[in-house]
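For reference, the structure discussed in these notes is given below.
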Amino acid sequence: MPKSLAIIGAGASGLLAAIVAARRGVKVRVFEKNSKIGKKILATGNGRCNITNQTIKTQNYHGLNPKFVNIAIDRFNTSTCRAFFEKLGIEMMEGQKGRLYPKSLHSSSVVNLLVYECESLGVEFFLDTLVESISTDANGFALHVEGKVYHSSSVLIATGGLAMPTLGASDSGYKFAKSFGHTITPTFASLVQLECDENLRDINGVKIQGNIEVLSDKRVVASAQGDILFTNYGLSGSAILDVSREVGKLLQNRDKVDINIDLLSEYSKEQLKNILFKRAKNSNGKTLSLWLDGFINPKLAKFLAKKIDIKNADNLNSKELARLVYILKNLKFKAISTRGFKSAEVTAGGVNTDEINPKTFESKLQSGLYFSGEVLDIDADCGGYNLHWAWASGYSVGMSV
Ligand SMILES: Cc1cc2nc3c(=O)[nH]c(=O)nc-3n(C[C@H](O)[C@H](O)[C@H](O)COP(=O)(O)OP(=O)(O)OC[C@H]3O[C@@H](n4cnc5c(N)ncnc54)[C@H](O)[C@@H]3O)c2cc1C
């Protein structure tokens with residue numbers, strides 16, 4: 001009997017595996033519950049699809065055993081990735097921090113060309129098709145789909161994680177995995193916005209470039225630099241997403257999490273003190289918020305003046321100036337939760353990688369059963385690393401099946 005592969009999920013990982021397996025002569029069927037192929041890919045990188053990164057390292061990956069990624073990212077590295085997509089017709093261009101995008105800057109180009117390649121290779125798609133369960137039979141597997149049964153010699157679970165249910169995310173993959181005896185590392189949202197203990201309505205929409213530190217028990221456990229966006233509910237922006245995994249993990253353990261923002265990271269404490277001392281000579285009866293206005297964002301100026309409860313900028317004494325310096329360098333909030341899976345880009349946790357062969361991505365518990373992409377207990381930093389994981393793990397499956 002010719003080899004056949006049933007792939008559950010027409011996302012990044014499933015599509016890559018489909019192409020590589022079909023090129024090797026495997027008969028491939030892809031089952032997707034959405035009516036569209038690659039719905040999540042279309043949403044990536046703000047519609048531009050940050051396909052990969054110039055530097056892909058183990059350190060960009062997280063999970064109980066991050067080293068699990070090594071063989072896959074070694075075999076399918078940035079060059080392999082570029083060559084793979086070039087063969088499909090996608091040229092790449094570099095953005096900030098080594099991020100690589102399709103030259104068209106349209107995620108739809110990536111989906112269109114992946115689908116074209118799949119169809120040219122005879123991959124069969126079943127859309128609007130929710131796989132309900134998987135069982136084994138004499139020839140391999142039976143997929144149970146809305147009253148019908150599809151047989152195949154092997155199955156790939158490429159169902160993704162829980163992030164953004166509106167794009168198709170669900171817990172299906174974990175349920176399938178458990179039905180074969182796999183364990184699931186607890187999941188939580190990553191690359192996600194944070195909710196704070198304070199209403200930030202007055203500074204909603206203010207975006208700054210700053211430094212952020214995450215503190216637990218007064219110990220700095222994570223830090224990042226970049227965009228910080230204040231919103232009604234709390235904090236967003238690239239720097240916040242960068243530390244959100246650590247925050248999510250701490251909150252999951254019910255630890256208290258403080259967020260410390262340096263609003264003026266371009267100045268040292270000493271430099272800032274000198275600047276404010278100089279400005280203090282030129283207060284001319286201004287309110288504190290007006291005096292700060294022009295130096296920092298006006299809405300932030302008002303917010304800080306209210307927070308430290310100093311109304312007038314005239315006759316600021318050295319204690320008050322020191323308090324100002326402190327708050328500008330240490331604006332503190334308590335993170336009470338993340339915005340959860342509904343807003344997250346990625347799921348941390350998932351199918352325990354100890355139970356998966358890192359070369360082939362085959363289950364150690366059930367031969368012929370494979371896993372790839374976000375459903376596994378691997379998540380990555382922002383910057384093209386998550387999609388790279390989806391491609392690289394899908395590639396390994398396609399080469400092994
Ligand atoms: C808004 C957003 C932006 C992002 N931007 C980037 C970026 O620019 N760069 C980057 O590296 N990463 C980005 N990511 C993360 C990245 O998109 C994912 O990590 C990656 O797509 C995961 O691929 P996957 O194939 O494992 O899963 P998915 O792409 O989620 O695909 C899984 C598919 O399986 C289907 N499915 C699930 N259960 C069933 C079932 N029972 N039956 C049939 N079908 C099923 C789902 O509908 C889905 O289509 C972003 C994520 C989001 C949400």
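Letters A, B, ... go to the chains of the structure tokens in the order shown; residues in each chain start at 1; ligands are counted from 1 in the same order.
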
Contacts of chain A with ligand 1 up to 7 Å, shortest pair per row, only C-alpha atoms and all ligand atoms, as a Markdown table:
```
| residue | atom | partner | partner_atom_place_in_ligand_line | distance |
| --- | --- | --- | --- | --- |
| A:Ile8 | CA | ligand 1 | 43 (C) | 5.2 |
| A:Gly9 | CA | ligand 1 | 34 (O) | 3.1 |
| A:Ala10 | CA | ligand 1 | 49 (O) | 5.0 |
| A:Gly11 | CA | ligand 1 | 31 (O) | 3.4 |
| A:Ala12 | CA | ligand 1 | 25 (O) | 3.9 |
| A:Ser13 | CA | ligand 1 | 25 (O) | 3.6 |
| A:Gly14 | CA | ligand 1 | 25 (O) | 5.5 |
| A:Phe31 | CA | ligand 1 | 43 (C) | 5.2 |
| A:Glu32 | CA | ligand 1 | 44 (N) | 3.7 |
| A:Lys33 | CA | ligand 1 | 43 (C) | 4.0 |
| A:Asn34 | CA | ligand 1 | 47 (O) | 5.2 |
| A:Ile37 | CA | ligand 1 | 49 (O) | 6.7 |
| A:Gly38 | CA | ligand 1 | 49 (O) | 5.7 |
| A:Lys39 | CA | ligand 1 | 49 (O) | 6.0 |
| A:Lys40 | CA | ligand 1 | 29 (O) | 5.1 |
| A:Ile41 | CA | ligand 1 | 17 (O) | 5.5 |
| A:Ala43 | CA | ligand 1 | 1 (C) | 5.1 |
| A:Thr44 | CA | ligand 1 | 5 (N) | 3.3 |
| A:Gly45 | CA | ligand 1 | 8 (O) | 3.3 |
| A:Asn46 | CA | ligand 1 | 3 (C) | 6.5 |
| A:Cys49 | CA | ligand 1 | 8 (O) | 4.7 |
| A:Asn50 | CA | ligand 1 | 8 (O) | 3.8 |
| A:Ile51 | CA | ligand 1 | 9 (N) | 5.7 |
| A:Thr52 | CA | ligand 1 | 11 (O) | 6.1 |
| A:Thr129 | CA | ligand 1 | 43 (C) | 5.8 |
| A:Leu130 | CA | ligand 1 | 42 (N) | 3.8 |
| A:Val131 | CA | ligand 1 | 42 (N) | 3.9 |
| A:Glu132 | CA | ligand 1 | 41 (N) | 5.8 |
| A:Ala158 | CA | ligand 1 | 25 (O) | 5.5 |
| A:Thr159 | CA | ligand 1 | 34 (O) | 3.6 |
| A:Gly160 | CA | ligand 1 | 27 (O) | 3.3 |
| A:Gly161 | CA | ligand 1 | 30 (O) | 6.1 |
| A:Ala163 | CA | ligand 1 | 53 (C) | 5.9 |
| A:Met164 | CA | ligand 1 | 53 (C) | 5.4 |
| A:Leu167 | CA | ligand 1 | 47 (O) | 6.5 |
| A:Gly168 | CA | ligand 1 | 47 (O) | 3.6 |
| A:Ala169 | CA | ligand 1 | 46 (C) | 5.5 |
| A:Ser170 | CA | ligand 1 | 38 (N) | 5.7 |
| A:Ser172 | CA | ligand 1 | 41 (N) | 4.9 |
| A:Gly173 | CA | ligand 1 | 38 (N) | 6.2 |
| A:Ala344 | CA | ligand 1 | 53 (C) | 6.2 |
| A:Glu345 | CA | ligand 1 | 53 (C) | 3.8 |
| A:Val346 | CA | ligand 1 | 15 (C) | 5.5 |
| A:Ser372 | CA | ligand 1 | 26 (O) | 6.3 |
| A:Gly373 | CA | ligand 1 | 26 (O) | 3.4 |
| A:Glu374 | CA | ligand 1 | 26 (O) | 3.9 |
| A:Val375 | CA | ligand 1 | 26 (O) | 5.9 |
| A:Cys382 | CA | ligand 1 | 10 (C) | 6.6 |
| A:Gly383 | CA | ligand 1 | 9 (N) | 5.9 |
| A:Gly384 | CA | ligand 1 | 11 (O) | 3.1 |
| A:Tyr385 | CA | ligand 1 | 11 (O) | 4.5 |
| A:Asn386 | CA | ligand 1 | 11 (O) | 3.7 |
| A:Leu387 | CA | ligand 1 | 11 (O) | 3.5 |
| A:His388 | CA | ligand 1 | 11 (O) | 5.8 |
| A:Ala390 | CA | ligand 1 | 23 (O) | 4.9 |
```

Legend entry - Contacts of stretch 299-303 of chain A at 6 Å (only C-alpha atoms; same-chain gap of 3+ positions) as JSON, numbers by chain: {"A": [203, 289, 292, 293, 306]}

Inset, instruction - Write down as a VMD selection string the residues of stretch 206-365 of chain A whose backbone DSSP state falls under strand (DSSP E). - result: chain A and resid 207 to 216 219 to 230 234 to 236 257 to 262 331 to 338 346 to 351

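If you look at atom CA of A:Ile56 and atom CA of A:Val220, they are 25.7 Å away from each other.
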
Inset, instruction - Show which residues sit within 7 Å of A:His151, as a list of chain:residue names. Count only C-alpha atoms, and ignore same-chain residues fewer than 6 positions away. - result: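 After dropping sequence-adjacent residues, the list is A:Phe141, A:Ala142, A:Leu143.
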
Inset, instruction - Skip A:Glu195 itself and residues of its chain fewer than 5 positions away, then list as a list in words all residues within 8 Å of it, counting only C-alpha atoms. - result: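 The neighbour list is Tyr233, Gly234, Leu235, Ala335, Ile336, Ser337, Thr338 and Arg339 of chain A.
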
Taking N, CA and C atoms for each residue, export the selection above as a PDB file, in the first residue's frame.
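New file result_9.pdb:
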```pdb
ATOM      1  N   TYR A 233      -6.997  49.062  29.502  1.00  0.00           N
ATOM      2  CA  TYR A 233      -6.903  47.874  30.360  1.00  0.00           C
ATOM      3  C   TYR A 233      -5.521  47.685  30.963  1.00  0.00           C
ATOM      4  N   GLY A 234      -4.490  48.301  30.360  1.00  0.00           N
ATOM      5  CA  GLY A 234      -3.140  48.079  30.878  1.00  0.00           C
ATOM      6  C   GLY A 234      -2.056  48.412  29.868  1.00  0.00           C
ATOM      7  N   LEU A 235      -1.255  47.403  29.509  1.00  0.00           N
ATOM      8  CA  LEU A 235      -0.050  47.659  28.723  1.00  0.00           C
ATOM      9  C   LEU A 235       0.040  46.777  27.486  1.00  0.00           C
ATOM     10  N   ALA A 335       0.908  43.748  37.467  1.00  0.00           N
ATOM     11  CA  ALA A 335       0.216  42.997  36.406  1.00  0.00           C
ATOM     12  C   ALA A 335      -0.734  42.043  37.099  1.00  0.00           C
ATOM     13  N   ILE A 336      -2.025  42.110  36.750  1.00  0.00           N
ATOM     14  CA  ILE A 336      -2.970  41.201  37.417  1.00  0.00           C
ATOM     15  C   ILE A 336      -3.328  40.000  36.537  1.00  0.00           C
ATOM     16  N   SER A 337      -3.198  40.185  35.227  1.00  0.00           N
ATOM     17  CA  SER A 337      -3.419  39.047  34.316  1.00  0.00           C
ATOM     18  C   SER A 337      -2.910  39.411  32.935  1.00  0.00           C
ATOM     19  N   THR A 338      -2.805  38.389  32.082  1.00  0.00           N
ATOM     20  CA  THR A 338      -2.542  38.704  30.676  1.00  0.00           C
ATOM     21  C   THR A 338      -3.911  38.852  30.013  1.00  0.00           C
ATOM     22  N   ARG A 339      -3.943  39.299  28.768  1.00  0.00           N
ATOM     23  CA  ARG A 339      -5.229  39.409  28.071  1.00  0.00           C
ATOM     24  C   ARG A 339      -5.746  38.055  27.602  1.00  0.00           C
TER      25      ARG A 339
END
```

Contacts of stretch 146-197 of chain A with stretch 349-366 of chain A up to 9 Å, shortest pair per row, only C-alpha atoms, as a Markdown table:
```
| residue | atom | partner | partner_atom | distance |
| --- | --- | --- | --- | --- |
| A:Leu156 | CA | A:Glu362 | CA | 8.7 |
| A:Gly161 | CA | A:Gly350 | CA | 7.5 |
| A:Gly173 | CA | A:Val351 | CA | 8.5 |
| A:Tyr174 | CA | A:Val351 | CA | 6.7 |
| A:Ala177 | CA | A:Val351 | CA | 7.1 |
| A:Lys178 | CA | A:Val351 | CA | 8.7 |
| A:Phe180 | CA | A:Gln366 | CA | 6.9 |
| A:Gly181 | CA | A:Leu365 | CA | 7.2 |
| A:His182 | CA | A:Val351 | CA | 6.9 |
| A:Thr183 | CA | A:Asn352 | CA | 5.7 |
| A:Ile184 | CA | A:Val351 | CA | 4.6 |
| A:Thr185 | CA | A:Gly349 | CA | 5.0 |
| A:Pro186 | CA | A:Gly349 | CA | 5.4 |
| A:Thr187 | CA | A:Gly349 | CA | 4.2 |
| A:Phe188 | CA | A:Gly349 | CA | 6.6 |
| A:Ala189 | CA | A:Gly349 | CA | 8.9 |
```

Legend entry - From A:Ser152, A:Asn330, A:Ser104, A:Thr347, residue lying nearest A:Met92 [only C-alpha atoms]: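 Of the candidates, the smallest distance to A:Met92 is held by A:Ser104.
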
Inset, instruction - Within 12 Å of A:Ala22, counting only C-alpha atoms, which residues show up once you throw out same-chain ones fewer than 4 positions away? Write them as a ChimeraX atom specification, please. - result: /A:2-7,14-18,26-30,117-124,395,397-401

Give me a file of those residues, with C-alpha atoms, as a short mmCIF file (atom, residue, chain, number, x, y, z; two decimals), in the first residue's frame.
```cif
data_model
loop_
_atom_site.label_atom_id
_atom_site.label_comp_id
_atom_site.auth_asym_id
_atom_site.auth_seq_id
_atom_site.Cartn_x
_atom_site.Cartn_y
_atom_site.Cartn_z
CA PRO A 2 1.45 3.46 -0.85
CA LYS A 3 2.28 5.64 2.13
CA SER A 4 -0.46 8.10 3.02
CA LEU A 5 -0.51 10.97 5.46
CA ALA A 6 -3.58 12.64 6.94
CA ILE A 7 -2.74 16.11 8.23
CA GLY A 14 0.59 21.35 8.21
CA LEU A 15 1.16 23.02 4.82
CA LEU A 16 4.94 22.68 5.03
CA ALA A 17 4.67 19.01 5.96
CA ALA A 18 2.14 18.46 3.16
CA VAL A 26 3.41 10.35 -0.09
CA LYS A 27 -0.34 10.66 -0.71
CA VAL A 28 -1.39 13.63 1.42
CA ARG A 29 -4.80 14.76 2.63
CA VAL A 30 -5.22 17.92 4.71
CA GLU A 117 2.46 24.12 -4.53
CA CYS A 118 0.25 21.74 -2.52
CA GLU A 119 -2.33 21.55 -5.28
CA SER A 120 0.34 21.05 -7.97
CA LEU A 121 1.59 18.09 -5.98
CA GLY A 122 -1.89 16.60 -5.73
CA VAL A 123 -2.44 17.34 -2.03
CA GLU A 124 -6.18 17.00 -1.31
CA TYR A 395 9.63 19.99 7.34
CA VAL A 397 7.68 15.43 9.55
CA GLY A 398 7.50 15.70 5.76
CA MET A 399 11.01 14.25 5.50
CA SER A 400 10.33 11.42 7.95
CA VAL A 401 6.89 10.12 7.18
#
```

Inset, instruction - Compile the contact shell of stretch 315-318 of chain A as a PyMOL selection string: residues with an atom at most 7 Å away, counting only C-alpha atoms, same-chain residues fewer than 3 positions apart removed. - result: chain A and resi 280+321-322

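For the atom pair formed by atom CA of A:Leu162 and atom CA of A:Leu114, the distance is 23.4 Å, given to one decimal.
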
Inset, instruction - For stretch 211-215 of chain A, please output as a PyMOL selection string all residues within 12 Å (counting only C-alpha atoms; exclusion window: fewer than 2 positions along the same chain). - result: chain A and resi 194+208-209+217-229+235-251+255-267+328-335

Create the file for the chosen residues now, containing N, CA and C atoms and written as a compact mmCIF listing (two decimals), in the first residue's frame.
```txt
# COMPACT_ATOMS: atom_id res chain seq x y z
N LEU A 194 -0.88 42.95 28.68
CA LEU A 194 -1.05 42.74 30.12
C LEU A 194 -2.12 43.64 30.71
N ILE A 208 5.28 55.08 23.92
CA ILE A 208 6.63 55.58 24.14
C ILE A 208 7.66 54.48 23.80
N GLN A 209 8.88 54.90 23.69
CA GLN A 209 9.99 53.94 23.58
C GLN A 209 10.61 53.92 24.96
N ASP A 217 9.01 39.29 43.66
CA ASP A 217 9.73 39.32 44.93
C ASP A 217 10.91 40.28 44.86
N LYS A 218 10.71 41.42 44.22
CA LYS A 218 11.71 42.48 44.08
C LYS A 218 12.92 42.07 43.22
N ARG A 219 12.84 40.91 42.60
CA ARG A 219 13.94 40.41 41.77
C ARG A 219 13.55 40.62 40.30
N VAL A 220 14.51 41.16 39.50
CA VAL A 220 14.21 41.35 38.08
C VAL A 220 14.27 39.98 37.39
N VAL A 221 13.14 39.58 36.79
CA VAL A 221 13.12 38.26 36.14
C VAL A 221 13.07 38.36 34.62
N ALA A 222 12.77 39.55 34.11
CA ALA A 222 12.77 39.73 32.65
C ALA A 222 12.87 41.22 32.36
N SER A 223 13.39 41.54 31.21
CA SER A 223 13.44 42.96 30.81
C SER A 223 13.39 43.05 29.29
N ALA A 224 12.99 44.21 28.82
CA ALA A 224 12.93 44.43 27.37
C ALA A 224 12.96 45.91 27.09
N GLN A 225 13.26 46.21 25.85
CA GLN A 225 13.33 47.61 25.43
C GLN A 225 12.51 47.73 24.14
N GLY A 226 11.80 48.84 24.01
CA GLY A 226 11.04 49.03 22.76
C GLY A 226 9.75 49.78 23.01
N ASP A 227 8.77 49.55 22.13
CA ASP A 227 7.48 50.24 22.23
C ASP A 227 6.71 49.80 23.47
N ILE A 228 6.20 50.79 24.18
CA ILE A 228 5.27 50.50 25.29
C ILE A 228 4.03 51.34 25.02
N LEU A 229 2.90 50.67 24.93
CA LEU A 229 1.64 51.36 24.65
C LEU A 229 0.74 51.26 25.87
N LEU A 235 -1.26 47.40 29.51
CA LEU A 235 -0.05 47.66 28.72
C LEU A 235 0.04 46.78 27.49
N SER A 236 0.47 47.41 26.40
CA SER A 236 0.69 46.66 25.16
C SER A 236 1.99 47.17 24.52
N GLY A 237 2.25 46.80 23.30
CA GLY A 237 3.48 47.23 22.61
C GLY A 237 4.51 46.11 22.59
N SER A 238 5.49 46.25 21.71
CA SER A 238 6.43 45.14 21.48
C SER A 238 7.22 44.76 22.73
N ALA A 239 7.62 45.77 23.54
CA ALA A 239 8.41 45.46 24.74
C ALA A 239 7.56 44.65 25.73
N ILE A 240 6.28 44.97 25.80
CA ILE A 240 5.38 44.24 26.72
C ILE A 240 5.20 42.80 26.23
N LEU A 241 4.98 42.64 24.92
CA LEU A 241 4.82 41.28 24.38
C LEU A 241 6.08 40.46 24.66
N ASP A 242 7.24 41.13 24.56
CA ASP A 242 8.51 40.41 24.78
C ASP A 242 8.64 39.84 26.20
N VAL A 243 8.06 40.51 27.19
CA VAL A 243 8.18 39.99 28.57
C VAL A 243 6.93 39.21 29.00
N SER A 244 5.93 39.15 28.13
CA SER A 244 4.64 38.60 28.56
C SER A 244 4.71 37.11 28.92
N ARG A 245 5.64 36.39 28.29
CA ARG A 245 5.74 34.95 28.62
C ARG A 245 6.11 34.78 30.10
N GLU A 246 7.11 35.57 30.51
CA GLU A 246 7.58 35.47 31.89
C GLU A 246 6.46 35.88 32.86
N VAL A 247 5.72 36.94 32.49
CA VAL A 247 4.62 37.41 33.33
C VAL A 247 3.54 36.32 33.42
N GLY A 248 3.18 35.75 32.28
CA GLY A 248 2.16 34.69 32.24
C GLY A 248 2.54 33.51 33.12
N LYS A 249 3.82 33.15 33.05
CA LYS A 249 4.29 32.00 33.84
C LYS A 249 4.18 32.30 35.34
N LEU A 250 4.61 33.52 35.72
CA LEU A 250 4.55 33.90 37.14
C LEU A 250 3.11 33.95 37.63
N LEU A 251 2.25 34.56 36.82
CA LEU A 251 0.85 34.68 37.24
C LEU A 251 0.20 33.30 37.36
N ASP A 255 2.18 34.08 41.53
CA ASP A 255 3.18 35.01 42.07
C ASP A 255 2.74 36.44 41.80
N LYS A 256 3.23 37.36 42.65
CA LYS A 256 2.93 38.78 42.43
C LYS A 256 3.92 39.31 41.39
N VAL A 257 3.42 40.11 40.45
CA VAL A 257 4.29 40.58 39.38
C VAL A 257 4.22 42.11 39.28
N ASP A 258 5.38 42.74 39.44
CA ASP A 258 5.46 44.19 39.27
C ASP A 258 6.10 44.52 37.94
N ILE A 259 5.55 45.55 37.30
CA ILE A 259 6.12 46.02 36.04
C ILE A 259 6.72 47.39 36.31
N ASN A 260 7.97 47.53 35.98
CA ASN A 260 8.69 48.78 36.24
C ASN A 260 9.05 49.40 34.89
N ILE A 261 8.56 50.61 34.63
CA ILE A 261 8.83 51.21 33.32
C ILE A 261 9.75 52.41 33.47
N ASP A 262 10.82 52.39 32.70
CA ASP A 262 11.72 53.54 32.62
C ASP A 262 11.25 54.36 31.42
N LEU A 263 10.58 55.50 31.71
CA LEU A 263 9.99 56.30 30.64
C LEU A 263 11.03 57.06 29.85
N LEU A 264 12.20 57.27 30.45
CA LEU A 264 13.25 58.06 29.79
C LEU A 264 14.58 57.29 29.85
N SER A 265 14.56 56.13 29.19
CA SER A 265 15.73 55.25 29.30
C SER A 265 16.97 55.84 28.62
N GLU A 266 16.75 56.88 27.80
CA GLU A 266 17.91 57.50 27.13
C GLU A 266 18.77 58.30 28.10
N TYR A 267 18.24 58.60 29.29
CA TYR A 267 19.02 59.34 30.31
C TYR A 267 19.30 58.44 31.51
N LEU A 328 9.85 58.95 36.92
CA LEU A 328 10.13 58.92 35.47
C LEU A 328 10.98 57.69 35.10
N LYS A 329 11.80 57.26 36.06
CA LYS A 329 12.64 56.09 35.79
C LYS A 329 12.00 54.79 36.30
N ASN A 330 10.98 54.93 37.15
CA ASN A 330 10.38 53.73 37.78
C ASN A 330 8.86 53.86 37.90
N LEU A 331 8.19 53.96 36.75
CA LEU A 331 6.73 54.00 36.81
C LEU A 331 6.25 52.55 37.02
N LYS A 332 5.58 52.33 38.16
CA LYS A 332 5.30 50.93 38.55
C LYS A 332 3.82 50.58 38.42
N PHE A 333 3.56 49.39 37.93
CA PHE A 333 2.20 48.86 37.91
C PHE A 333 2.26 47.41 38.37
N LYS A 334 1.12 46.91 38.85
CA LYS A 334 1.03 45.48 39.15
C LYS A 334 0.32 44.81 37.99
N ALA A 335 0.91 43.75 37.47
CA ALA A 335 0.22 43.00 36.41
C ALA A 335 -0.73 42.04 37.10
```

Inset, instruction - Would you mind writing down, as an MDAnalysis selection string, each residue of stretch 215-352 of chain A that DSSP on the backbone assigns to alpha helix (DSSP H)? - result: chainID A and resid 238:252 269:280 288:292 298:308 318:329
